$ cat work.csv   # CSV, C-alpha atoms
chain,number,residue,atom,x,y,z
A,1,MET,CA,13.0,15.0,17.0
A,2,SER,CA,16.3,15.6,15.1
A,3,GLN,CA,16.4,18.3,12.5
A,4,VAL,CA,15.5,16.9,9.1
A,5,GLU,CA,17.8,18.3,6.4
A,6,THR,CA,17.0,16.1,3.4
A,7,LYS,CA,13.7,15.2,1.8
A,8,LEU,CA,12.1,13.5,-1.2
A,9,THR,CA,9.3,15.6,-2.7
A,10,ILE,CA,6.7,14.0,-4.8
A,11,VAL,CA,4.6,16.2,-7.0
A,12,VAL,CA,1.2,14.7,-8.0
A,13,ARG,CA,-1.1,15.9,-10.7
A,14,ALA,CA,-4.5,16.7,-9.2
A,15,ASP,CA,-6.2,17.3,-12.5
A,16,LEU,CA,-6.5,13.6,-13.6
A,17,GLY,CA,-9.2,12.6,-11.2
A,18,MET,CA,-7.1,9.8,-9.8
A,19,GLY,CA,-8.5,8.0,-6.7
A,20,ARG,CA,-6.5,7.9,-3.5
A,21,GLY,CA,-5.3,4.3,-4.1
A,22,LYS,CA,-4.1,5.2,-7.6
A,23,ILE,CA,-2.3,8.3,-6.3
A,24,ALA,CA,-0.7,6.2,-3.6
A,25,ALA,CA,0.6,3.7,-6.2
A,26,GLN,CA,1.9,6.4,-8.4
A,27,ALA,CA,3.7,8.2,-5.6
A,28,ALA,CA,5.1,4.9,-4.4
A,29,HIS,CA,6.4,4.3,-8.0
A,30,ALA,CA,8.1,7.7,-8.0
A,31,ALA,CA,9.6,7.2,-4.6
A,32,VAL,CA,11.0,3.8,-5.5
A,33,SER,CA,12.4,5.1,-8.7
A,34,ALA,CA,14.1,8.0,-7.0
A,35,ALA,CA,15.6,5.8,-4.3
A,36,LEU,CA,17.0,3.3,-6.8
A,37,ALA,CA,18.4,6.1,-9.0
A,38,SER,CA,20.2,7.6,-6.0
A,39,LEU,CA,21.5,4.5,-4.3
A,40,GLY,CA,25.1,5.0,-3.0
A,41,THR,CA,25.0,8.8,-3.2
A,42,ALA,CA,25.8,11.0,-0.2
A,43,ASP,CA,22.3,12.5,-0.4
A,44,PHE,CA,20.7,9.1,-0.4
A,45,ARG,CA,22.6,8.0,2.7
A,46,ALA,CA,21.7,11.2,4.5
A,47,TRP,CA,18.1,10.8,3.6
A,48,LEU,CA,18.0,7.3,5.0
A,49,ARG,CA,19.6,8.6,8.2
A,50,ASP,CA,17.0,11.3,8.4
A,51,GLY,CA,14.2,8.6,8.2
A,52,GLN,CA,13.3,8.9,4.5
A,53,PRO,CA,11.3,12.1,4.9
A,54,LYS,CA,8.8,12.6,2.1
A,55,VAL,CA,6.4,15.4,1.2
A,56,VAL,CA,3.6,15.1,-1.3
A,57,LEU,CA,2.6,18.2,-3.2
A,58,ARG,CA,-0.1,19.1,-5.7
A,59,ALA,CA,0.4,20.2,-9.3
A,60,SER,CA,-2.7,21.3,-11.3
A,61,SER,CA,-1.6,20.4,-14.8
A,62,ALA,CA,0.9,18.4,-16.9
A,63,GLU,CA,2.5,21.7,-17.8
A,64,GLN,CA,3.1,22.7,-14.2
A,65,LEU,CA,4.6,19.3,-13.4
A,66,ASP,CA,6.9,19.5,-16.5
A,67,SER,CA,8.0,22.9,-15.7
A,68,LEU,CA,8.9,22.1,-12.0
A,69,VAL,CA,10.8,19.0,-13.0
A,70,ALA,CA,12.7,20.8,-15.7
A,71,LEU,CA,13.7,23.6,-13.3
A,72,ALA,CA,14.8,21.0,-10.7
A,73,SER,CA,16.8,19.2,-13.2
A,74,ALA,CA,18.5,22.4,-14.4
A,75,GLU,CA,19.4,23.0,-10.8
A,76,GLY,CA,21.2,19.6,-10.7
A,77,LEU,CA,18.6,17.9,-8.5
A,78,PRO,CA,17.7,14.3,-9.2
A,79,VAL,CA,14.3,14.0,-10.8
A,80,GLN,CA,12.0,11.1,-11.9
A,81,VAL,CA,8.7,11.5,-13.9
A,82,ILE,CA,6.3,8.6,-13.7
A,83,HIS,CA,4.2,7.8,-16.8
A,84,ASP,CA,1.2,5.6,-16.1
A,85,ALA,CA,1.2,2.1,-17.5
A,86,GLY,CA,-2.4,2.7,-18.5
A,87,ARG,CA,-4.0,-0.3,-16.8
A,88,THR,CA,-6.6,1.8,-14.9
A,89,GLN,CA,-8.0,5.3,-14.7
A,90,VAL,CA,-5.7,7.2,-17.0
A,91,ALA,CA,-4.4,6.7,-20.6
A,92,GLU,CA,-1.1,4.8,-21.1
A,93,GLY,CA,1.9,7.2,-21.0
A,94,THR,CA,0.2,10.0,-19.1
A,95,PRO,CA,2.6,11.7,-16.7
A,96,THR,CA,1.0,11.4,-13.3
A,97,CYS,CA,3.7,12.5,-10.8
A,98,GLY,CA,7.3,13.4,-10.4
A,99,ALA,CA,9.9,13.0,-7.7
A,100,ILE,CA,12.5,15.6,-6.8
A,101,GLY,CA,15.3,14.4,-4.6
A,102,PRO,CA,16.4,12.9,-2.3
A,103,ALA,CA,18.4,16.0,-1.7
A,104,GLU,CA,18.9,18.9,0.7
A,105,ALA,CA,15.5,20.1,1.7
A,106,SER,CA,16.3,23.8,1.1
A,107,ARG,CA,17.3,23.2,-2.5
A,108,ILE,CA,14.0,21.4,-3.2
A,109,ASP,CA,12.0,24.0,-1.3
A,110,ALA,CA,13.5,26.7,-3.5
A,111,ILE,CA,11.7,25.1,-6.5
A,112,THR,CA,8.5,23.7,-5.0
A,113,GLY,CA,7.9,26.2,-2.2
A,114,GLU,CA,4.8,27.6,-3.8
A,115,LEU,CA,3.0,24.4,-4.2
A,116,PRO,CA,0.2,23.3,-1.8
A,117,LEU,CA,0.2,20.0,-0.1
A,118,LEU,CA,-1.8,17.4,-2.0
B,1,MET,CA,1.3,-5.9,-22.4
B,2,SER,CA,3.4,-8.7,-21.1
B,3,GLN,CA,2.0,-10.9,-18.3
B,4,VAL,CA,2.8,-9.5,-14.9
B,5,GLU,CA,3.9,-12.2,-12.5
B,6,THR,CA,5.2,-10.3,-9.6
B,7,LYS,CA,3.9,-7.4,-7.5
B,8,LEU,CA,4.3,-5.3,-4.4
B,9,THR,CA,1.1,-5.1,-2.4
B,10,ILE,CA,0.6,-2.2,0.0
B,11,VAL,CA,-2.1,-2.5,2.6
B,12,VAL,CA,-3.2,0.9,4.1
B,13,ARG,CA,-5.3,1.4,7.2
B,14,ALA,CA,-8.5,3.3,6.2
B,15,ASP,CA,-9.5,3.8,9.9
B,16,LEU,CA,-7.1,6.6,10.7
B,17,GLY,CA,-8.7,9.4,8.7
B,18,MET,CA,-5.5,10.1,6.8
B,19,GLY,CA,-5.8,12.4,3.9
B,20,ARG,CA,-4.7,11.4,0.4
B,21,GLY,CA,-1.3,13.1,0.6
B,22,LYS,CA,-0.6,11.5,3.9
B,23,ILE,CA,-1.6,8.1,2.5
B,24,ALA,CA,0.6,8.6,-0.5
B,25,ALA,CA,3.6,9.4,1.7
B,26,GLN,CA,3.0,6.4,3.9
B,27,ALA,CA,2.6,4.1,0.9
B,28,ALA,CA,5.8,5.5,-0.7
B,29,HIS,CA,7.6,4.8,2.5
B,30,ALA,CA,6.4,1.2,2.5
B,31,ALA,CA,7.4,0.8,-1.1
B,32,VAL,CA,10.9,2.2,-0.7
B,33,SER,CA,11.5,0.1,2.4
B,34,ALA,CA,10.3,-3.0,0.6
B,35,ALA,CA,12.5,-2.3,-2.4
B,36,LEU,CA,15.6,-1.6,-0.4
B,37,ALA,CA,15.1,-4.7,1.8
B,38,SER,CA,14.8,-6.9,-1.3
B,39,LEU,CA,17.7,-5.4,-3.4
B,40,GLY,CA,19.6,-8.1,-5.2
B,41,THR,CA,17.0,-10.9,-4.8
B,42,ALA,CA,15.6,-12.7,-7.8
B,43,ASP,CA,12.1,-11.5,-6.9
B,44,PHE,CA,13.3,-7.9,-6.9
B,45,ARG,CA,14.9,-8.3,-10.3
B,46,ALA,CA,11.8,-9.9,-11.7
B,47,TRP,CA,9.6,-7.2,-10.2
B,48,LEU,CA,11.7,-4.4,-11.8
B,49,ARG,CA,11.5,-6.3,-15.2
B,50,ASP,CA,7.7,-6.4,-14.8
B,51,GLY,CA,7.7,-2.6,-14.4
B,52,GLN,CA,7.4,-2.5,-10.5
B,53,PRO,CA,3.7,-3.3,-10.4
B,54,LYS,CA,2.0,-2.2,-7.2
B,55,VAL,CA,-1.5,-2.6,-5.8
B,56,VAL,CA,-2.8,-0.6,-2.9
B,57,LEU,CA,-5.4,-2.3,-0.7
B,58,ARG,CA,-7.5,-1.3,2.3
B,59,ALA,CA,-7.4,-2.6,5.8
B,60,SER,CA,-10.0,-1.5,8.3
B,61,SER,CA,-8.0,-1.8,11.6
B,62,ALA,CA,-4.6,-2.2,13.1
B,63,GLU,CA,-5.5,-5.8,14.0
B,64,GLN,CA,-6.4,-6.6,10.4
B,65,LEU,CA,-3.1,-5.1,9.1
B,66,ASP,CA,-1.1,-7.0,11.8
B,67,SER,CA,-2.8,-10.3,11.1
B,68,LEU,CA,-2.2,-10.0,7.3
B,69,VAL,CA,1.4,-9.1,7.8
B,70,ALA,CA,2.0,-12.0,10.3
B,71,LEU,CA,0.4,-14.4,7.9
B,72,ALA,CA,2.5,-13.2,4.9
B,73,SER,CA,5.7,-13.4,7.0
B,74,ALA,CA,4.8,-16.9,8.1
B,75,GLU,CA,4.5,-17.8,4.4
B,76,GLY,CA,8.0,-16.6,3.9
B,77,LEU,CA,7.0,-13.4,2.0
B,78,PRO,CA,9.0,-10.2,2.6
B,79,VAL,CA,7.0,-7.7,4.8
B,80,GLN,CA,7.5,-4.2,6.0
B,81,VAL,CA,5.3,-2.3,8.5
B,82,ILE,CA,5.4,1.5,8.5
B,83,HIS,CA,5.0,3.3,11.8
B,84,ASP,CA,4.3,7.0,11.5
B,85,ALA,CA,6.9,9.5,12.6
B,86,GLY,CA,4.1,11.4,14.2
B,87,ARG,CA,4.7,14.8,12.6
B,88,THR,CA,1.2,15.1,11.3
B,89,GLN,CA,-2.3,13.6,11.5
B,90,VAL,CA,-1.6,10.5,13.6
B,91,ALA,CA,0.3,9.8,16.8
B,92,GLU,CA,4.0,8.8,16.7
B,93,GLY,CA,4.5,5.1,16.3
B,94,THR,CA,1.0,4.3,14.8
B,95,PRO,CA,1.2,1.5,12.2
B,96,THR,CA,-0.2,3.1,9.1
B,97,CYS,CA,0.4,0.6,6.3
B,98,GLY,CA,2.4,-2.5,5.4
B,99,ALA,CA,4.1,-3.8,2.3
B,100,ILE,CA,4.0,-7.5,1.2
B,101,GLY,CA,6.5,-8.3,-1.6
B,102,PRO,CA,7.9,-7.8,-4.1
B,103,ALA,CA,7.1,-11.5,-4.7
B,104,GLU,CA,5.1,-13.8,-7.0
B,105,ALA,CA,1.7,-12.3,-7.4
B,106,SER,CA,-0.2,-15.5,-6.7
B,107,ARG,CA,1.6,-16.0,-3.4
B,108,ILE,CA,0.5,-12.5,-2.3
B,109,ASP,CA,-3.0,-12.9,-3.6
B,110,ALA,CA,-3.4,-16.0,-1.5
B,111,ILE,CA,-3.1,-13.8,1.6
B,112,THR,CA,-4.6,-10.5,0.5
B,113,GLY,CA,-7.2,-11.7,-2.0
B,114,GLU,CA,-10.2,-10.7,0.2
B,115,LEU,CA,-9.2,-7.1,0.7
B,116,PRO,CA,-10.8,-4.3,-1.4
B,117,LEU,CA,-8.8,-1.8,-3.3
B,118,LEU,CA,-8.1,1.4,-1.2
$ encode --input "work.csv" --output "C-alpha coordinates"
Amino acid sequence: MSQVETKLTIVVRADLGMGRGKIAAQAAHAAVSAALASLGTADFRAWLRDGQPKVVLRASSAEQLDSLVALASAEGLPVQVIHDAGRTQVAEGTPTCGAIGPAEASRIDAITGELPLL
Amino acid sequence: MSQVETKLTIVVRADLGMGRGKIAAQAAHAAVSAALASLGTADFRAWLRDGQPKVVLRASSAEQLDSLVALASAEGLPVQVIHDAGRTQVAEGTPTCGAIGPAEASRIDAITGELPLL
(Lines of atoms letter the chains of each structure in order from A and count residues from 1; the text may use other names and numbers.)
(Lines give C-alpha, C1' and ligand atoms only; values in the text may rest on other atoms or scores of the structure.)
Protein backbone atom coordinates (compact mmCIF):
# COMPACT_ATOMS: atom_id res chain seq x y z
CA MET A 1 0.00 0.00 0.00
CA SER A 2 1.41 3.38 -0.95
CA GLN A 3 1.81 6.02 1.72
CA VAL A 4 -1.28 8.16 2.08
CA GLU A 5 -0.40 11.81 2.46
CA THR A 6 -3.71 13.56 2.04
CA LYS A 7 -7.10 13.00 3.57
CA LEU A 8 -10.57 14.36 4.03
CA THR A 9 -11.69 14.36 7.63
CA ILE A 10 -15.38 14.43 8.44
CA VAL A 11 -16.38 15.38 11.97
CA VAL A 12 -19.86 14.18 12.94
CA ARG A 13 -21.85 15.31 15.97
CA ALA A 14 -22.67 12.31 18.14
CA ASP A 15 -25.00 14.28 20.42
CA LEU A 16 -27.95 14.47 18.03
CA GLY A 17 -29.08 10.86 18.21
CA MET A 18 -28.85 10.44 14.45
CA GLY A 19 -29.18 6.89 13.13
CA ARG A 20 -26.46 5.31 11.02
CA GLY A 21 -28.26 5.99 7.73
CA LYS A 22 -28.76 9.63 8.64
CA ILE A 23 -25.11 9.93 9.64
CA ALA A 24 -24.04 8.33 6.35
CA ALA A 25 -26.16 10.78 4.35
CA GLN A 26 -24.80 13.79 6.26
CA ALA A 27 -21.20 12.61 5.90
CA ALA A 28 -21.78 12.03 2.19
CA HIS A 29 -23.12 15.56 1.88
CA ALA A 30 -20.04 16.95 3.61
CA ALA A 31 -17.69 14.92 1.42
CA VAL A 32 -19.40 15.93 -1.82
CA SER A 33 -19.39 19.59 -0.77
CA ALA A 34 -15.70 19.42 0.12
CA ALA A 35 -14.81 17.70 -3.15
CA LEU A 36 -16.77 20.17 -5.28
CA ALA A 37 -15.30 23.16 -3.44
CA SER A 38 -11.76 21.93 -4.03
CA LEU A 39 -12.07 20.83 -7.68
CA GLY A 40 -8.94 21.72 -9.62
CA THR A 41 -6.70 22.38 -6.63
CA ALA A 42 -3.40 20.57 -6.16
CA ASP A 43 -4.66 19.09 -2.87
CA PHE A 44 -7.75 17.73 -4.61
CA ARG A 45 -5.70 16.06 -7.34
CA ALA A 46 -3.31 14.56 -4.78
CA TRP A 47 -6.25 13.29 -2.75
CA LEU A 48 -7.79 11.57 -5.78
CA ARG A 49 -4.42 9.99 -6.56
CA ASP A 50 -4.21 8.73 -2.97
CA GLY A 51 -7.60 7.04 -3.40
CA GLN A 52 -9.80 9.66 -1.69
CA PRO A 53 -8.91 8.65 1.88
CA LYS A 54 -11.52 9.67 4.43
CA VAL A 55 -11.66 9.52 8.18
CA VAL A 56 -14.84 10.01 10.19
CA LEU A 57 -14.42 11.42 13.69
CA ARG A 58 -16.77 12.21 16.54
CA ALA A 59 -17.61 15.57 18.08
CA SER A 60 -19.75 15.70 21.18
CA SER A 61 -21.43 19.08 20.70
CA ALA A 62 -22.17 21.88 18.28
CA GLU A 63 -19.63 24.01 20.15
CA GLN A 64 -16.87 21.46 19.64
CA LEU A 65 -17.67 21.15 15.94
CA ASP A 66 -17.76 24.94 15.53
CA SER A 67 -14.49 25.40 17.32
CA LEU A 68 -12.65 22.75 15.25
CA VAL A 69 -13.96 24.17 12.02
CA ALA A 70 -12.99 27.70 13.02
CA LEU A 71 -9.50 26.55 13.95
CA ALA A 72 -9.08 24.66 10.66
CA SER A 73 -10.28 27.63 8.69
CA ALA A 74 -7.89 29.93 10.53
CA GLU A 75 -5.08 27.56 9.52
CA GLY A 76 -6.06 27.96 5.88
CA LEU A 77 -7.64 24.52 5.52
CA PRO A 78 -10.77 24.13 3.39
CA VAL A 79 -13.85 23.55 5.55
CA GLN A 80 -17.51 22.80 4.96
CA VAL A 81 -20.25 22.70 7.59
CA ILE A 82 -23.43 20.82 6.79
CA HIS A 83 -26.74 22.10 8.11
CA ASP A 84 -29.56 19.62 7.96
CA ALA A 85 -32.48 20.28 5.64
CA GLY A 86 -34.77 19.20 8.48
CA ARG A 87 -36.73 16.55 6.63
CA THR A 88 -36.02 13.87 9.26
CA GLN A 89 -34.63 13.35 12.76
CA VAL A 90 -33.21 16.83 13.49
CA ALA A 91 -34.52 20.40 13.21
CA GLU A 92 -33.94 22.36 10.02
CA GLY A 93 -30.66 24.25 10.08
CA THR A 94 -28.99 22.11 12.74
CA PRO A 95 -25.25 21.75 12.07
CA THR A 96 -24.70 17.98 11.85
CA CYS A 97 -21.14 17.58 10.62
CA GLY A 98 -18.18 19.31 9.04
CA ALA A 99 -15.52 18.43 6.51
CA ILE A 100 -11.89 19.51 6.81
CA GLY A 101 -9.82 19.01 3.65
CA PRO A 102 -8.96 17.47 1.32
CA ALA A 103 -5.51 18.53 2.46
CA GLU A 104 -2.20 17.25 3.71
CA ALA A 105 -2.99 14.70 6.42
CA SER A 106 -0.53 16.12 8.94
CA ARG A 107 -2.10 19.58 8.75
CA ILE A 108 -5.54 18.13 9.52
CA ASP A 109 -4.24 15.84 12.25
CA ALA A 110 -2.72 18.85 14.01
CA ILE A 111 -6.28 20.08 14.55
CA THR A 112 -8.37 16.94 14.90
CA GLY A 113 -5.78 14.63 16.47
CA GLU A 114 -7.56 14.50 19.82
CA LEU A 115 -10.92 13.38 18.46
CA PRO A 116 -12.01 9.72 18.65
CA LEU A 117 -13.23 7.80 15.62
CA LEU A 118 -16.99 7.94 15.26
CA MET B 1 -39.78 23.34 0.68
CA SER B 2 -39.56 22.96 -3.07
CA GLN B 3 -40.36 19.64 -4.64
CA VAL B 4 -37.32 17.41 -4.87
CA GLU B 5 -37.15 15.66 -8.21
CA THR B 6 -33.66 14.22 -8.26
CA LYS B 7 -31.71 12.15 -5.80
CA LEU B 8 -28.62 10.12 -5.20
CA THR B 9 -29.34 6.75 -3.65
CA ILE B 10 -26.62 4.93 -1.77
CA VAL B 11 -27.13 1.24 -1.09
CA VAL B 12 -25.02 -0.09 1.79
CA ARG B 13 -24.41 -3.73 2.63
CA ALA B 14 -25.63 -4.44 6.16
CA ASP B 15 -24.15 -7.95 6.24
CA LEU B 16 -20.51 -6.91 6.74
CA GLY B 17 -20.74 -5.76 10.35
CA MET B 18 -19.33 -2.34 9.52
CA GLY B 19 -19.53 0.26 12.27
CA ARG B 20 -21.28 3.58 11.73
CA GLY B 21 -18.06 5.49 11.04
CA LYS B 22 -16.96 2.93 8.48
CA ILE B 23 -20.39 3.05 6.84
CA ALA B 24 -20.24 6.85 6.75
CA ALA B 25 -16.82 6.78 5.08
CA GLN B 26 -17.94 4.23 2.48
CA ALA B 27 -21.14 6.16 1.72
CA ALA B 28 -19.11 9.35 1.40
CA HIS B 29 -16.79 7.61 -1.03
CA ALA B 30 -19.75 6.46 -3.11
CA ALA B 31 -21.31 9.92 -3.13
CA VAL B 32 -18.09 11.69 -4.13
CA SER B 33 -17.47 9.14 -6.90
CA ALA B 34 -21.02 9.57 -8.19
CA ALA B 35 -20.77 13.36 -8.11
CA LEU B 36 -17.43 13.46 -9.89
CA ALA B 37 -18.59 10.99 -12.55
CA SER B 38 -21.65 13.10 -13.32
CA LEU B 39 -20.05 16.57 -13.30
CA GLY B 40 -21.47 18.72 -16.05
CA THR B 41 -24.54 16.59 -16.79
CA ALA B 42 -28.05 18.00 -16.64
CA ASP B 43 -28.95 15.53 -13.88
CA PHE B 44 -25.99 16.68 -11.83
CA ARG B 45 -26.94 20.34 -12.15
CA ALA B 46 -30.56 19.59 -11.25
CA TRP B 47 -29.43 17.57 -8.25
CA LEU B 48 -27.27 20.45 -6.97
CA ARG B 49 -30.21 22.82 -7.41
CA ASP B 50 -32.40 20.44 -5.43
CA GLY B 51 -29.88 20.57 -2.56
CA GLN B 52 -28.04 17.28 -3.26
CA PRO B 53 -30.73 15.00 -1.78
CA LYS B 54 -29.42 11.61 -0.70
CA VAL B 55 -31.08 8.48 0.55
CA VAL B 56 -29.19 5.63 2.19
CA LEU B 57 -30.74 2.17 1.82
CA ARG B 58 -29.87 -1.29 3.07
CA ALA B 59 -28.84 -4.34 1.06
CA SER B 60 -28.43 -7.65 2.84
CA SER B 61 -25.80 -9.28 0.63
CA ALA B 62 -23.21 -8.74 -2.08
CA GLU B 63 -25.57 -10.50 -4.49
CA GLN B 64 -28.41 -8.10 -3.76
CA LEU B 65 -26.13 -5.08 -4.20
CA ASP B 66 -24.73 -6.48 -7.46
CA SER B 67 -28.14 -7.20 -8.83
CA LEU B 68 -29.53 -3.73 -8.05
CA VAL B 69 -26.52 -2.04 -9.57
CA ALA B 70 -26.72 -4.18 -12.70
CA LEU B 71 -30.41 -3.41 -13.08
CA ALA B 72 -29.82 0.33 -12.62
CA SER B 73 -27.01 0.29 -15.14
CA ALA B 74 -29.18 -1.59 -17.64
CA GLU B 75 -31.76 1.18 -17.23
CA GLY B 76 -29.14 3.76 -18.15
CA LEU B 77 -28.71 5.15 -14.64
CA PRO B 78 -25.22 6.18 -13.48
CA VAL B 79 -23.81 3.70 -10.96
CA GLN B 80 -20.71 3.42 -8.82
CA VAL B 81 -19.67 0.44 -6.72
CA ILE B 82 -17.20 1.01 -3.90
CA HIS B 83 -14.68 -1.67 -3.06
CA ASP B 84 -12.99 -1.27 0.27
CA ALA B 85 -9.28 -0.49 0.39
CA GLY B 86 -9.01 -3.07 3.16
CA ARG B 87 -7.32 -0.92 5.76
CA THR B 88 -9.92 -1.70 8.45
CA GLN B 89 -12.85 -3.99 9.26
CA VAL B 90 -13.34 -5.75 5.89
CA ALA B 91 -11.04 -7.51 3.41
CA GLU B 92 -9.46 -5.54 0.57
CA GLY B 93 -11.66 -5.45 -2.50
CA THR B 94 -14.93 -6.24 -0.70
CA PRO B 95 -17.86 -4.39 -2.32
CA THR B 96 -19.34 -2.33 0.51
CA CYS B 97 -21.87 -0.04 -1.14
CA GLY B 98 -23.10 1.39 -4.39
CA ALA B 99 -24.41 4.70 -5.62
CA ILE B 100 -27.26 5.06 -8.11
CA GLY B 101 -27.67 8.55 -9.53
CA PRO B 102 -27.79 11.46 -9.32
CA ALA B 103 -30.86 11.05 -11.48
CA GLU B 104 -34.60 11.57 -11.58
CA ALA B 105 -35.95 10.22 -8.29
CA SER B 106 -38.73 8.19 -9.88
CA ARG B 107 -36.30 6.31 -12.12
CA ILE B 108 -34.21 5.31 -9.10
CA ASP B 109 -37.24 4.43 -7.00
CA ALA B 110 -38.42 2.05 -9.71
CA ILE B 111 -35.33 -0.03 -8.95
CA THR B 112 -34.69 0.48 -5.24
CA GLY B 113 -38.26 0.98 -4.04
CA GLU B 114 -38.37 -2.31 -2.17
CA LEU B 115 -35.27 -1.66 -0.06
CA PRO B 116 -35.54 -0.48 3.57
CA LEU B 117 -33.70 2.55 4.86
CA LEU B 118 -30.35 1.66 6.37
$ residues_near_point --input "work.csv" --point "(0.3, 11.0, -11.9)" --cutoff "12 Å" --atoms "only C-alpha atoms" --output "JSON, numbers by chain"
{"A": [10, 11, 12, 13, 14, 15, 16, 17, 18, 19, 20, 21, 22, 23, 24, 25, 26, 27, 28, 29, 30, 56, 57, 58, 59, 60, 61, 62, 65, 66, 80, 81, 82, 83, 84, 85, 86, 88, 89, 90, 91, 92, 93, 94, 95, 96, 97, 98, 99, 118], "B": [24]}
$ write_last_selection --input "work.csv" --atoms "C-alpha atoms" --output "PDB file, in the frame of the given file"
ATOM      1  CA  ILE A  10       6.700  14.000  -4.800  1.00  0.00           C
ATOM      2  CA  VAL A  11       4.600  16.200  -7.000  1.00  0.00           C
ATOM      3  CA  VAL A  12       1.200  14.700  -8.000  1.00  0.00           C
ATOM      4  CA  ARG A  13      -1.100  15.900 -10.700  1.00  0.00           C
ATOM      5  CA  ALA A  14      -4.500  16.700  -9.200  1.00  0.00           C
ATOM      6  CA  ASP A  15      -6.200  17.300 -12.500  1.00  0.00           C
ATOM      7  CA  LEU A  16      -6.500  13.600 -13.600  1.00  0.00           C
ATOM      8  CA  GLY A  17      -9.200  12.600 -11.200  1.00  0.00           C
ATOM      9  CA  MET A  18      -7.100   9.800  -9.800  1.00  0.00           C
ATOM     10  CA  GLY A  19      -8.500   8.000  -6.700  1.00  0.00           C
ATOM     11  CA  ARG A  20      -6.500   7.900  -3.500  1.00  0.00           C
ATOM     12  CA  GLY A  21      -5.300   4.300  -4.100  1.00  0.00           C
ATOM     13  CA  LYS A  22      -4.100   5.200  -7.600  1.00  0.00           C
ATOM     14  CA  ILE A  23      -2.300   8.300  -6.300  1.00  0.00           C
ATOM     15  CA  ALA A  24      -0.700   6.200  -3.600  1.00  0.00           C
ATOM     16  CA  ALA A  25       0.600   3.700  -6.200  1.00  0.00           C
ATOM     17  CA  GLN A  26       1.900   6.400  -8.400  1.00  0.00           C
ATOM     18  CA  ALA A  27       3.700   8.200  -5.600  1.00  0.00           C
ATOM     19  CA  ALA A  28       5.100   4.900  -4.400  1.00  0.00           C
ATOM     20  CA  HIS A  29       6.400   4.300  -8.000  1.00  0.00           C
ATOM     21  CA  ALA A  30       8.100   7.700  -8.000  1.00  0.00           C
ATOM     22  CA  VAL A  56       3.600  15.100  -1.300  1.00  0.00           C
ATOM     23  CA  LEU A  57       2.600  18.200  -3.200  1.00  0.00           C
ATOM     24  CA  ARG A  58      -0.100  19.100  -5.700  1.00  0.00           C
ATOM     25  CA  ALA A  59       0.400  20.200  -9.300  1.00  0.00           C
ATOM     26  CA  SER A  60      -2.700  21.300 -11.300  1.00  0.00           C
ATOM     27  CA  SER A  61      -1.600  20.400 -14.800  1.00  0.00           C
ATOM     28  CA  ALA A  62       0.900  18.400 -16.900  1.00  0.00           C
ATOM     29  CA  LEU A  65       4.600  19.300 -13.400  1.00  0.00           C
ATOM     30  CA  ASP A  66       6.900  19.500 -16.500  1.00  0.00           C
ATOM     31  CA  GLN A  80      12.000  11.100 -11.900  1.00  0.00           C
ATOM     32  CA  VAL A  81       8.700  11.500 -13.900  1.00  0.00           C
ATOM     33  CA  ILE A  82       6.300   8.600 -13.700  1.00  0.00           C
ATOM     34  CA  HIS A  83       4.200   7.800 -16.800  1.00  0.00           C
ATOM     35  CA  ASP A  84       1.200   5.600 -16.100  1.00  0.00           C
ATOM     36  CA  ALA A  85       1.200   2.100 -17.500  1.00  0.00           C
ATOM     37  CA  GLY A  86      -2.400   2.700 -18.500  1.00  0.00           C
ATOM     38  CA  THR A  88      -6.600   1.800 -14.900  1.00  0.00           C
ATOM     39  CA  GLN A  89      -8.000   5.300 -14.700  1.00  0.00           C
ATOM     40  CA  VAL A  90      -5.700   7.200 -17.000  1.00  0.00           C
ATOM     41  CA  ALA A  91      -4.400   6.700 -20.600  1.00  0.00           C
ATOM     42  CA  GLU A  92      -1.100   4.800 -21.100  1.00  0.00           C
ATOM     43  CA  GLY A  93       1.900   7.200 -21.000  1.00  0.00           C
ATOM     44  CA  THR A  94       0.200  10.000 -19.100  1.00  0.00           C
ATOM     45  CA  PRO A  95       2.600  11.700 -16.700  1.00  0.00           C
ATOM     46  CA  THR A  96       1.000  11.400 -13.300  1.00  0.00           C
ATOM     47  CA  CYS A  97       3.700  12.500 -10.800  1.00  0.00           C
ATOM     48  CA  GLY A  98       7.300  13.400 -10.400  1.00  0.00           C
ATOM     49  CA  ALA A  99       9.900  13.000  -7.700  1.00  0.00           C
ATOM     50  CA  LEU A 118      -1.800  17.400  -2.000  1.00  0.00           C
TER      51      LEU A 118
ATOM     52  CA  ALA B  24       0.600   8.600  -0.500  1.00  0.00           C
TER      53      ALA B  24
END
$ residues_around --input "work.csv" --residues "Glu104 in chain B" --least-positions-apart "2" --cutoff "6 Å" --atoms "all atoms listed in the file" --output "PyMOL selection string"
chain B and resi 5-6+106-107
$ closest_residue --input "work.csv" --among "B:Pro102, B:Pro78, B:Leu71, B:Glu63" --to "Gly51 in chain B" --atoms "all atoms listed in the file"
B:Pro102
$ residues_around --input "work.csv" --residues "Ile108 in chain B" --least-positions-apart "2" --cutoff "9 Å" --atoms "all atoms listed in the file" --output "PyMOL selection string"
chain B and resi 6-9+72+77+100-106+110-113
$ atom_distance --input "work.csv" --atom1 "CA of Asp50 in chain B" --atom2 "CA of Val55 in chain A"
27.1 Å
$ closest_residue --input "work.csv" --among "A:Leu115, A:Ser38, A:Phe44, A:Lys54" --to "chain B" --atoms "all atoms listed in the file"
A:Lys54
$ closest_residue --input "work.csv" --among "B:Ser67, B:Ser73, B:Thr41, B:Gln52" --to "chain A" --atoms "only C-alpha atoms"
B:Gln52
$ atom_distance --input "work.csv" --atom1 "CA of Leu68 in chain B" --atom2 "CA of Asp109 in chain B"
11.3 Å
$ atom_distance --input "work.csv" --atom1 "CA of Leu48 in chain A" --atom2 "CA of Leu36 in chain A"
12.5 Å
$ closest_residue --input "work.csv" --among "B:Pro116, B:Val32, B:Ala37, B:Arg87" --to "chain A" --atoms "all atoms listed in the file"
B:Val32
